[in-house]
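**Q** Structure supplied as entry.txt; contents: compact mmCIF, N, CA and C atoms.
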```txt
# COMPACT_ATOMS: atom_id res chain seq x y z
N MET O 1488 111.39 219.69 -95.10
CA MET O 1488 112.20 218.74 -94.34
C MET O 1488 111.29 217.70 -93.73
N LYS O 1489 111.67 216.47 -93.87
CA LYS O 1489 110.93 215.35 -93.31
C LYS O 1489 111.49 215.04 -91.92
N TYR O 1490 110.62 215.05 -90.90
CA TYR O 1490 111.06 214.83 -89.53
C TYR O 1490 110.76 213.42 -89.01
N ILE O 1491 109.81 212.76 -89.65
CA ILE O 1491 109.42 211.41 -89.23
C ILE O 1491 109.63 210.47 -90.40
N THR O 1492 110.24 209.33 -90.12
CA THR O 1492 110.54 208.35 -91.17
C THR O 1492 110.07 206.98 -90.74
N SER O 1493 109.43 206.28 -91.63
CA SER O 1493 109.05 204.89 -91.37
C SER O 1493 110.31 204.07 -91.17
N LEU O 1494 110.23 203.09 -90.27
CA LEU O 1494 111.40 202.23 -90.06
C LEU O 1494 111.79 201.50 -91.33
N LYS O 1495 110.83 201.23 -92.20
CA LYS O 1495 111.13 200.55 -93.47
C LYS O 1495 111.92 201.45 -94.41
N GLU O 1496 111.76 202.76 -94.28
CA GLU O 1496 112.38 203.71 -95.21
C GLU O 1496 113.63 204.37 -94.64
N GLY O 1497 113.95 204.09 -93.40
CA GLY O 1497 115.05 204.79 -92.74
C GLY O 1497 116.42 204.44 -93.26
N GLU O 1498 117.36 205.25 -92.89
CA GLU O 1498 118.75 205.04 -93.29
C GLU O 1498 119.62 204.95 -92.04
N GLU O 1499 120.72 204.25 -92.16
CA GLU O 1499 121.63 204.05 -91.03
C GLU O 1499 122.47 205.31 -90.84
N ASP O 1500 121.90 206.30 -90.20
CA ASP O 1500 122.57 207.58 -89.98
C ASP O 1500 122.44 207.95 -88.51
N THR O 1501 123.45 207.60 -87.73
CA THR O 1501 123.40 207.83 -86.29
C THR O 1501 123.27 209.31 -85.96
N GLN O 1502 123.90 210.18 -86.73
CA GLN O 1502 123.80 211.62 -86.48
C GLN O 1502 122.38 212.13 -86.67
N LEU O 1503 121.65 211.57 -87.61
CA LEU O 1503 120.31 212.04 -87.93
C LEU O 1503 119.23 211.34 -87.10
N PHE O 1504 119.42 210.04 -86.81
CA PHE O 1504 118.38 209.28 -86.14
C PHE O 1504 118.75 208.74 -84.76
N GLY O 1505 120.00 208.86 -84.37
CA GLY O 1505 120.42 208.28 -83.10
C GLY O 1505 120.78 206.82 -83.25
N GLY O 1506 121.40 206.29 -82.22
CA GLY O 1506 121.90 204.93 -82.27
C GLY O 1506 120.84 203.86 -82.34
N LYS O 1507 119.79 203.99 -81.52
CA LYS O 1507 118.75 202.94 -81.50
C LYS O 1507 118.06 202.80 -82.85
N ALA O 1508 117.60 203.91 -83.40
CA ALA O 1508 116.91 203.84 -84.69
C ALA O 1508 117.86 203.35 -85.78
N SER O 1509 119.10 203.81 -85.77
CA SER O 1509 120.06 203.37 -86.78
C SER O 1509 120.28 201.86 -86.70
N ASN O 1510 120.33 201.33 -85.48
CA ASN O 1510 120.49 199.88 -85.32
C ASN O 1510 119.26 199.13 -85.81
N ILE O 1511 118.08 199.69 -85.58
CA ILE O 1511 116.86 199.06 -86.09
C ILE O 1511 116.86 199.07 -87.62
N PHE O 1512 117.29 200.18 -88.22
CA PHE O 1512 117.39 200.24 -89.68
C PHE O 1512 118.33 199.15 -90.20
N THR O 1513 119.42 198.91 -89.47
CA THR O 1513 120.37 197.87 -89.86
C THR O 1513 119.72 196.49 -89.79
N LEU O 1514 118.96 196.25 -88.72
CA LEU O 1514 118.26 194.97 -88.59
C LEU O 1514 117.32 194.75 -89.78
N ILE O 1515 116.55 195.76 -90.11
CA ILE O 1515 115.60 195.66 -91.23
C ILE O 1515 116.35 195.41 -92.54
N LYS O 1516 117.45 196.14 -92.73
CA LYS O 1516 118.26 195.97 -93.94
C LYS O 1516 118.77 194.53 -94.06
N ASN O 1517 119.04 193.91 -92.91
CA ASN O 1517 119.53 192.53 -92.89
C ASN O 1517 118.39 191.51 -92.80
N GLU O 1518 117.17 191.99 -93.11
CA GLU O 1518 115.97 191.16 -93.21
C GLU O 1518 115.59 190.47 -91.90
N ILE O 1519 115.87 191.12 -90.78
CA ILE O 1519 115.41 190.66 -89.47
C ILE O 1519 114.01 191.22 -89.27
N ASN O 1520 113.09 190.41 -88.78
CA ASN O 1520 111.72 190.88 -88.54
C ASN O 1520 111.70 191.88 -87.39
N VAL O 1521 111.18 193.04 -87.68
CA VAL O 1521 111.07 194.13 -86.70
C VAL O 1521 109.64 194.66 -86.77
N PRO O 1522 108.99 194.87 -85.62
CA PRO O 1522 107.63 195.43 -85.67
C PRO O 1522 107.61 196.76 -86.40
N PRO O 1523 106.50 197.09 -87.05
CA PRO O 1523 106.41 198.37 -87.76
C PRO O 1523 106.53 199.54 -86.79
N GLY O 1524 107.04 200.63 -87.29
CA GLY O 1524 107.19 201.81 -86.45
C GLY O 1524 107.77 202.96 -87.24
N TYR O 1525 108.21 203.95 -86.52
CA TYR O 1525 108.77 205.15 -87.15
C TYR O 1525 109.87 205.71 -86.27
N ALA O 1526 110.65 206.60 -86.84
CA ALA O 1526 111.72 207.28 -86.10
C ALA O 1526 111.57 208.78 -86.31
N ILE O 1527 111.77 209.51 -85.25
CA ILE O 1527 111.77 210.97 -85.32
C ILE O 1527 113.24 211.40 -85.31
N ASN O 1528 113.62 212.20 -86.31
CA ASN O 1528 115.04 212.53 -86.42
C ASN O 1528 115.46 213.68 -85.51
N THR O 1529 116.77 213.89 -85.44
CA THR O 1529 117.32 214.90 -84.55
C THR O 1529 116.98 216.32 -85.00
N LYS O 1530 116.68 216.50 -86.28
CA LYS O 1530 116.29 217.83 -86.75
C LYS O 1530 114.94 218.24 -86.17
N ALA O 1531 114.06 217.27 -85.95
CA ALA O 1531 112.77 217.55 -85.31
C ALA O 1531 112.99 218.02 -83.88
N TYR O 1532 113.90 217.35 -83.19
CA TYR O 1532 114.21 217.73 -81.80
C TYR O 1532 114.82 219.13 -81.76
N SER O 1533 115.74 219.40 -82.67
CA SER O 1533 116.36 220.73 -82.73
C SER O 1533 115.33 221.81 -83.01
N LEU O 1534 114.40 221.53 -83.92
CA LEU O 1534 113.34 222.48 -84.23
C LEU O 1534 112.45 222.73 -83.01
N PHE O 1535 112.13 221.66 -82.27
CA PHE O 1535 111.34 221.80 -81.05
C PHE O 1535 112.05 222.71 -80.05
N LEU O 1536 113.34 222.48 -79.83
CA LEU O 1536 114.10 223.30 -78.89
C LEU O 1536 114.10 224.77 -79.32
N GLU O 1537 114.25 224.99 -80.61
CA GLU O 1537 114.29 226.35 -81.14
C GLU O 1537 112.93 227.05 -81.02
N GLU O 1538 111.88 226.40 -81.47
CA GLU O 1538 110.56 227.04 -81.49
C GLU O 1538 109.95 227.21 -80.11
N SER O 1539 110.35 226.36 -79.17
CA SER O 1539 109.84 226.49 -77.80
C SER O 1539 110.72 227.42 -76.97
N HIS O 1540 111.78 227.92 -77.58
CA HIS O 1540 112.74 228.83 -76.94
C HIS O 1540 113.53 228.17 -75.81
N ILE O 1541 113.46 226.86 -75.73
CA ILE O 1541 114.24 226.15 -74.73
C ILE O 1541 115.73 226.27 -75.05
N ASN O 1542 116.06 226.29 -76.32
CA ASN O 1542 117.45 226.43 -76.75
C ASN O 1542 118.11 227.67 -76.15
N SER O 1543 117.42 228.80 -76.23
CA SER O 1543 117.99 230.04 -75.70
C SER O 1543 118.12 229.99 -74.19
N ILE O 1544 117.19 229.32 -73.52
CA ILE O 1544 117.27 229.18 -72.06
C ILE O 1544 118.48 228.34 -71.69
N ILE O 1545 118.68 227.24 -72.40
CA ILE O 1545 119.83 226.38 -72.13
C ILE O 1545 121.14 227.13 -72.38
N LYS O 1546 121.20 227.90 -73.45
CA LYS O 1546 122.40 228.68 -73.74
C LYS O 1546 122.68 229.69 -72.65
N GLN O 1547 121.65 230.34 -72.13
CA GLN O 1547 121.82 231.30 -71.03
C GLN O 1547 122.35 230.60 -69.78
N ILE O 1548 121.78 229.45 -69.48
CA ILE O 1548 122.20 228.71 -68.28
C ILE O 1548 123.67 228.35 -68.36
N PHE O 1549 124.12 227.90 -69.52
CA PHE O 1549 125.50 227.44 -69.64
C PHE O 1549 126.45 228.48 -70.22
N ALA O 1550 126.09 229.74 -70.10
CA ALA O 1550 126.95 230.82 -70.59
C ALA O 1550 128.12 231.07 -69.64
N LYS O 1551 128.07 230.50 -68.45
CA LYS O 1551 129.17 230.67 -67.51
C LYS O 1551 129.64 229.31 -67.02
N GLU O 1552 130.75 229.30 -66.31
CA GLU O 1552 131.27 228.05 -65.76
C GLU O 1552 130.61 227.77 -64.42
N TYR O 1553 130.40 226.50 -64.14
CA TYR O 1553 129.74 226.08 -62.91
C TYR O 1553 130.57 225.04 -62.19
N LYS O 1554 130.36 224.96 -60.89
CA LYS O 1554 130.95 223.90 -60.09
C LYS O 1554 130.09 222.65 -60.32
N PRO O 1555 130.67 221.46 -60.11
CA PRO O 1555 129.91 220.23 -60.34
C PRO O 1555 128.57 220.20 -59.59
N LYS O 1556 128.54 220.65 -58.36
CA LYS O 1556 127.29 220.65 -57.59
C LYS O 1556 126.24 221.54 -58.26
N GLU O 1557 126.67 222.67 -58.80
CA GLU O 1557 125.74 223.58 -59.48
C GLU O 1557 125.17 222.94 -60.74
N VAL O 1558 126.00 222.18 -61.46
CA VAL O 1558 125.54 221.52 -62.68
C VAL O 1558 124.44 220.51 -62.34
N ILE O 1559 124.62 219.79 -61.24
CA ILE O 1559 123.60 218.82 -60.82
C ILE O 1559 122.31 219.54 -60.47
N GLU O 1560 122.40 220.66 -59.77
CA GLU O 1560 121.20 221.43 -59.42
C GLU O 1560 120.49 221.95 -60.67
N ILE O 1561 121.24 222.47 -61.62
CA ILE O 1561 120.66 222.99 -62.86
C ILE O 1561 120.01 221.85 -63.65
N SER O 1562 120.70 220.72 -63.72
CA SER O 1562 120.15 219.57 -64.43
C SER O 1562 118.82 219.14 -63.83
N THR O 1563 118.74 219.15 -62.53
CA THR O 1563 117.49 218.79 -61.84
C THR O 1563 116.39 219.77 -62.18
N LYS O 1564 116.71 221.06 -62.24
CA LYS O 1564 115.72 222.08 -62.60
C LYS O 1564 115.21 221.87 -64.02
N ILE O 1565 116.11 221.54 -64.94
CA ILE O 1565 115.73 221.32 -66.33
C ILE O 1565 114.79 220.12 -66.43
N LYS O 1566 115.11 219.05 -65.71
CA LYS O 1566 114.28 217.84 -65.75
C LYS O 1566 112.88 218.10 -65.21
N ASN O 1567 112.81 218.95 -64.19
CA ASN O 1567 111.51 219.21 -63.56
C ASN O 1567 110.81 220.33 -64.28
```
Would you write the structure of this file as structure tokens?

**A**
Amino acid sequence: MKYITSLKEGEEDTQLFGGKASNIFTLIKNEINVPPGYAINTKAYSLFLEESHINSIIKQIFAKEYKPKEVIEISTKIKN
């Protein structure tokens, strides 16, 4: 599986690359000058979450229902 794609080779797939990269691919396809770069796809992010075991931690956290205030507290913990 390829996780990194050159902007020149990318495809307009929002599910795979997200909105920003997909829009850049569209610009390039329409021959708009765009600086060289690359895009990391969502499968790379999913693999990172899985291999770092963050995915299982997130699933444990959200296995129950929370009050809005609790969600904010949990979100802050995840960010930090």

**Q** Using Å and a single decimal, report how far CA of Ala1508 (chain O) sits from CA of Ile1491 (chain O).

**A** 11.6 Å

**Q** Can you pull out every residue within 10 Å of region 1522-1539 of chain O, counting only C-alpha atoms, but drop anything in the same chain fewer than 6 positions away, and send it as an NGL selection string?

**A** :O and (1488-1497 or 1500-1505 or 1507-1509 or 1511-1512 or 1515 or 1545)

**Q** Using DSSP on the backbone coordinates, identify the residues of chain O assigned to strand (DSSP E or B); present them as a count of residues only.

**A** 6

**Q** Considering only helix (DSSP H, G or I) as DSSP defines it on the backbone, what residues of chain O qualify? List them as a PDB file with N, CA and C atoms, in the frame of the given file.

**A**
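Written output follows (result-v1.pdb):
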```
ATOM      1  N   THR O1501     123.450 207.600 -87.730  1.00  0.00           N
ATOM      2  CA  THR O1501     123.400 207.830 -86.290  1.00  0.00           C
ATOM      3  C   THR O1501     123.270 209.310 -85.960  1.00  0.00           C
ATOM      4  N   GLN O1502     123.900 210.180 -86.730  1.00  0.00           N
ATOM      5  CA  GLN O1502     123.800 211.620 -86.480  1.00  0.00           C
ATOM      6  C   GLN O1502     122.380 212.130 -86.670  1.00  0.00           C
ATOM      7  N   LEU O1503     121.650 211.570 -87.610  1.00  0.00           N
ATOM      8  CA  LEU O1503     120.310 212.040 -87.930  1.00  0.00           C
ATOM      9  C   LEU O1503     119.230 211.340 -87.100  1.00  0.00           C
ATOM     10  N   PHE O1504     119.420 210.040 -86.810  1.00  0.00           N
ATOM     11  CA  PHE O1504     118.380 209.280 -86.140  1.00  0.00           C
ATOM     12  C   PHE O1504     118.750 208.740 -84.760  1.00  0.00           C
ATOM     13  N   GLY O1505     120.000 208.860 -84.370  1.00  0.00           N
ATOM     14  CA  GLY O1505     120.420 208.280 -83.100  1.00  0.00           C
ATOM     15  C   GLY O1505     120.780 206.820 -83.250  1.00  0.00           C
ATOM     16  N   GLY O1506     121.400 206.290 -82.220  1.00  0.00           N
ATOM     17  CA  GLY O1506     121.900 204.930 -82.270  1.00  0.00           C
ATOM     18  C   GLY O1506     120.840 203.860 -82.340  1.00  0.00           C
ATOM     19  N   LYS O1507     119.790 203.990 -81.520  1.00  0.00           N
ATOM     20  CA  LYS O1507     118.750 202.940 -81.500  1.00  0.00           C
ATOM     21  C   LYS O1507     118.060 202.800 -82.850  1.00  0.00           C
ATOM     22  N   ALA O1508     117.600 203.910 -83.400  1.00  0.00           N
ATOM     23  CA  ALA O1508     116.910 203.840 -84.690  1.00  0.00           C
ATOM     24  C   ALA O1508     117.860 203.350 -85.780  1.00  0.00           C
ATOM     25  N   SER O1509     119.100 203.810 -85.770  1.00  0.00           N
ATOM     26  CA  SER O1509     120.060 203.370 -86.780  1.00  0.00           C
ATOM     27  C   SER O1509     120.280 201.860 -86.700  1.00  0.00           C
ATOM     28  N   ASN O1510     120.330 201.330 -85.480  1.00  0.00           N
ATOM     29  CA  ASN O1510     120.490 199.880 -85.320  1.00  0.00           C
ATOM     30  C   ASN O1510     119.260 199.130 -85.810  1.00  0.00           C
ATOM     31  N   ILE O1511     118.080 199.690 -85.580  1.00  0.00           N
ATOM     32  CA  ILE O1511     116.860 199.060 -86.090  1.00  0.00           C
ATOM     33  C   ILE O1511     116.860 199.070 -87.620  1.00  0.00           C
ATOM     34  N   PHE O1512     117.290 200.180 -88.220  1.00  0.00           N
ATOM     35  CA  PHE O1512     117.390 200.240 -89.680  1.00  0.00           C
ATOM     36  C   PHE O1512     118.330 199.150 -90.200  1.00  0.00           C
ATOM     37  N   THR O1513     119.420 198.910 -89.470  1.00  0.00           N
ATOM     38  CA  THR O1513     120.370 197.870 -89.860  1.00  0.00           C
ATOM     39  C   THR O1513     119.720 196.490 -89.790  1.00  0.00           C
ATOM     40  N   LEU O1514     118.960 196.250 -88.720  1.00  0.00           N
ATOM     41  CA  LEU O1514     118.260 194.970 -88.590  1.00  0.00           C
ATOM     42  C   LEU O1514     117.320 194.750 -89.780  1.00  0.00           C
ATOM     43  N   ILE O1515     116.550 195.760 -90.110  1.00  0.00           N
ATOM     44  CA  ILE O1515     115.600 195.660 -91.230  1.00  0.00           C
ATOM     45  C   ILE O1515     116.350 195.410 -92.540  1.00  0.00           C
ATOM     46  N   LYS O1516     117.450 196.140 -92.730  1.00  0.00           N
ATOM     47  CA  LYS O1516     118.260 195.970 -93.940  1.00  0.00           C
ATOM     48  C   LYS O1516     118.770 194.530 -94.060  1.00  0.00           C
ATOM     49  N   THR O1529     116.770 213.890 -85.440  1.00  0.00           N
ATOM     50  CA  THR O1529     117.320 214.900 -84.550  1.00  0.00           C
ATOM     51  C   THR O1529     116.980 216.320 -85.000  1.00  0.00           C
ATOM     52  N   LYS O1530     116.680 216.500 -86.280  1.00  0.00           N
ATOM     53  CA  LYS O1530     116.290 217.830 -86.750  1.00  0.00           C
ATOM     54  C   LYS O1530     114.940 218.240 -86.170  1.00  0.00           C
ATOM     55  N   ALA O1531     114.060 217.270 -85.950  1.00  0.00           N
ATOM     56  CA  ALA O1531     112.770 217.550 -85.310  1.00  0.00           C
ATOM     57  C   ALA O1531     112.990 218.020 -83.880  1.00  0.00           C
ATOM     58  N   TYR O1532     113.900 217.350 -83.190  1.00  0.00           N
ATOM     59  CA  TYR O1532     114.210 217.730 -81.800  1.00  0.00           C
ATOM     60  C   TYR O1532     114.820 219.130 -81.760  1.00  0.00           C
ATOM     61  N   SER O1533     115.740 219.400 -82.670  1.00  0.00           N
ATOM     62  CA  SER O1533     116.360 220.730 -82.730  1.00  0.00           C
ATOM     63  C   SER O1533     115.330 221.810 -83.010  1.00  0.00           C
ATOM     64  N   LEU O1534     114.400 221.530 -83.920  1.00  0.00           N
ATOM     65  CA  LEU O1534     113.340 222.480 -84.230  1.00  0.00           C
ATOM     66  C   LEU O1534     112.450 222.730 -83.010  1.00  0.00           C
ATOM     67  N   PHE O1535     112.130 221.660 -82.270  1.00  0.00           N
ATOM     68  CA  PHE O1535     111.340 221.800 -81.050  1.00  0.00           C
ATOM     69  C   PHE O1535     112.050 222.710 -80.050  1.00  0.00           C
ATOM     70  N   LEU O1536     113.340 222.480 -79.830  1.00  0.00           N
ATOM     71  CA  LEU O1536     114.100 223.300 -78.890  1.00  0.00           C
ATOM     72  C   LEU O1536     114.100 224.770 -79.320  1.00  0.00           C
ATOM     73  N   GLU O1537     114.250 224.990 -80.610  1.00  0.00           N
ATOM     74  CA  GLU O1537     114.290 226.350 -81.140  1.00  0.00           C
ATOM     75  C   GLU O1537     112.930 227.050 -81.020  1.00  0.00           C
ATOM     76  N   GLU O1538     111.880 226.400 -81.470  1.00  0.00           N
ATOM     77  CA  GLU O1538     110.560 227.040 -81.490  1.00  0.00           C
ATOM     78  C   GLU O1538     109.950 227.210 -80.110  1.00  0.00           C
ATOM     79  N   ILE O1541     113.460 226.860 -75.730  1.00  0.00           N
ATOM     80  CA  ILE O1541     114.240 226.150 -74.730  1.00  0.00           C
ATOM     81  C   ILE O1541     115.730 226.270 -75.050  1.00  0.00           C
ATOM     82  N   ASN O1542     116.060 226.290 -76.320  1.00  0.00           N
ATOM     83  CA  ASN O1542     117.450 226.430 -76.750  1.00  0.00           C
ATOM     84  C   ASN O1542     118.110 227.670 -76.150  1.00  0.00           C
ATOM     85  N   SER O1543     117.420 228.800 -76.230  1.00  0.00           N
ATOM     86  CA  SER O1543     117.990 230.040 -75.700  1.00  0.00           C
ATOM     87  C   SER O1543     118.120 229.990 -74.190  1.00  0.00           C
ATOM     88  N   ILE O1544     117.190 229.320 -73.520  1.00  0.00           N
ATOM     89  CA  ILE O1544     117.270 229.180 -72.060  1.00  0.00           C
ATOM     90  C   ILE O1544     118.480 228.340 -71.690  1.00  0.00           C
ATOM     91  N   ILE O1545     118.680 227.240 -72.400  1.00  0.00           N
ATOM     92  CA  ILE O1545     119.830 226.380 -72.130  1.00  0.00           C
ATOM     93  C   ILE O1545     121.140 227.130 -72.380  1.00  0.00           C
ATOM     94  N   LYS O1546     121.200 227.900 -73.450  1.00  0.00           N
ATOM     95  CA  LYS O1546     122.400 228.680 -73.740  1.00  0.00           C
ATOM     96  C   LYS O1546     122.680 229.690 -72.650  1.00  0.00           C
ATOM     97  N   GLN O1547     121.650 230.340 -72.130  1.00  0.00           N
ATOM     98  CA  GLN O1547     121.820 231.300 -71.030  1.00  0.00           C
ATOM     99  C   GLN O1547     122.350 230.600 -69.780  1.00  0.00           C
ATOM    100  N   ILE O1548     121.780 229.450 -69.480  1.00  0.00           N
ATOM    101  CA  ILE O1548     122.200 228.710 -68.280  1.00  0.00           C
ATOM    102  C   ILE O1548     123.670 228.350 -68.360  1.00  0.00           C
ATOM    103  N   PRO O1555     130.670 221.460 -60.110  1.00  0.00           N
ATOM    104  CA  PRO O1555     129.910 220.230 -60.340  1.00  0.00           C
ATOM    105  C   PRO O1555     128.570 220.200 -59.590  1.00  0.00           C
ATOM    106  N   LYS O1556     128.540 220.650 -58.360  1.00  0.00           N
ATOM    107  CA  LYS O1556     127.290 220.650 -57.590  1.00  0.00           C
ATOM    108  C   LYS O1556     126.240 221.540 -58.260  1.00  0.00           C
ATOM    109  N   GLU O1557     126.670 222.670 -58.800  1.00  0.00           N
ATOM    110  CA  GLU O1557     125.740 223.580 -59.480  1.00  0.00           C
ATOM    111  C   GLU O1557     125.170 222.940 -60.740  1.00  0.00           C
ATOM    112  N   VAL O1558     126.000 222.180 -61.460  1.00  0.00           N
ATOM    113  CA  VAL O1558     125.540 221.520 -62.680  1.00  0.00           C
ATOM    114  C   VAL O1558     124.440 220.510 -62.340  1.00  0.00           C
ATOM    115  N   ILE O1559     124.620 219.790 -61.240  1.00  0.00           N
ATOM    116  CA  ILE O1559     123.600 218.820 -60.820  1.00  0.00           C
ATOM    117  C   ILE O1559     122.310 219.540 -60.470  1.00  0.00           C
ATOM    118  N   GLU O1560     122.400 220.660 -59.770  1.00  0.00           N
ATOM    119  CA  GLU O1560     121.200 221.430 -59.420  1.00  0.00           C
ATOM    120  C   GLU O1560     120.490 221.950 -60.670  1.00  0.00           C
ATOM    121  N   ILE O1561     121.240 222.470 -61.620  1.00  0.00           N
ATOM    122  CA  ILE O1561     120.660 222.990 -62.860  1.00  0.00           C
ATOM    123  C   ILE O1561     120.010 221.850 -63.650  1.00  0.00           C
ATOM    124  N   SER O1562     120.700 220.720 -63.720  1.00  0.00           N
ATOM    125  CA  SER O1562     120.150 219.570 -64.430  1.00  0.00           C
ATOM    126  C   SER O1562     118.820 219.140 -63.830  1.00  0.00           C
ATOM    127  N   THR O1563     118.740 219.150 -62.530  1.00  0.00           N
ATOM    128  CA  THR O1563     117.490 218.790 -61.840  1.00  0.00           C
ATOM    129  C   THR O1563     116.390 219.770 -62.180  1.00  0.00           C
ATOM    130  N   LYS O1564     116.710 221.060 -62.240  1.00  0.00           N
ATOM    131  CA  LYS O1564     115.720 222.080 -62.600  1.00  0.00           C
ATOM    132  C   LYS O1564     115.210 221.870 -64.020  1.00  0.00           C
ATOM    133  N   ILE O1565     116.110 221.540 -64.940  1.00  0.00           N
ATOM    134  CA  ILE O1565     115.730 221.320 -66.330  1.00  0.00           C
ATOM    135  C   ILE O1565     114.790 220.120 -66.430  1.00  0.00           C
ATOM    136  N   LYS O1566     115.110 219.050 -65.710  1.00  0.00           N
ATOM    137  CA  LYS O1566     114.280 217.840 -65.750  1.00  0.00           C
ATOM    138  C   LYS O1566     112.880 218.100 -65.210  1.00  0.00           C
TER     139      LYS O1566
END
```
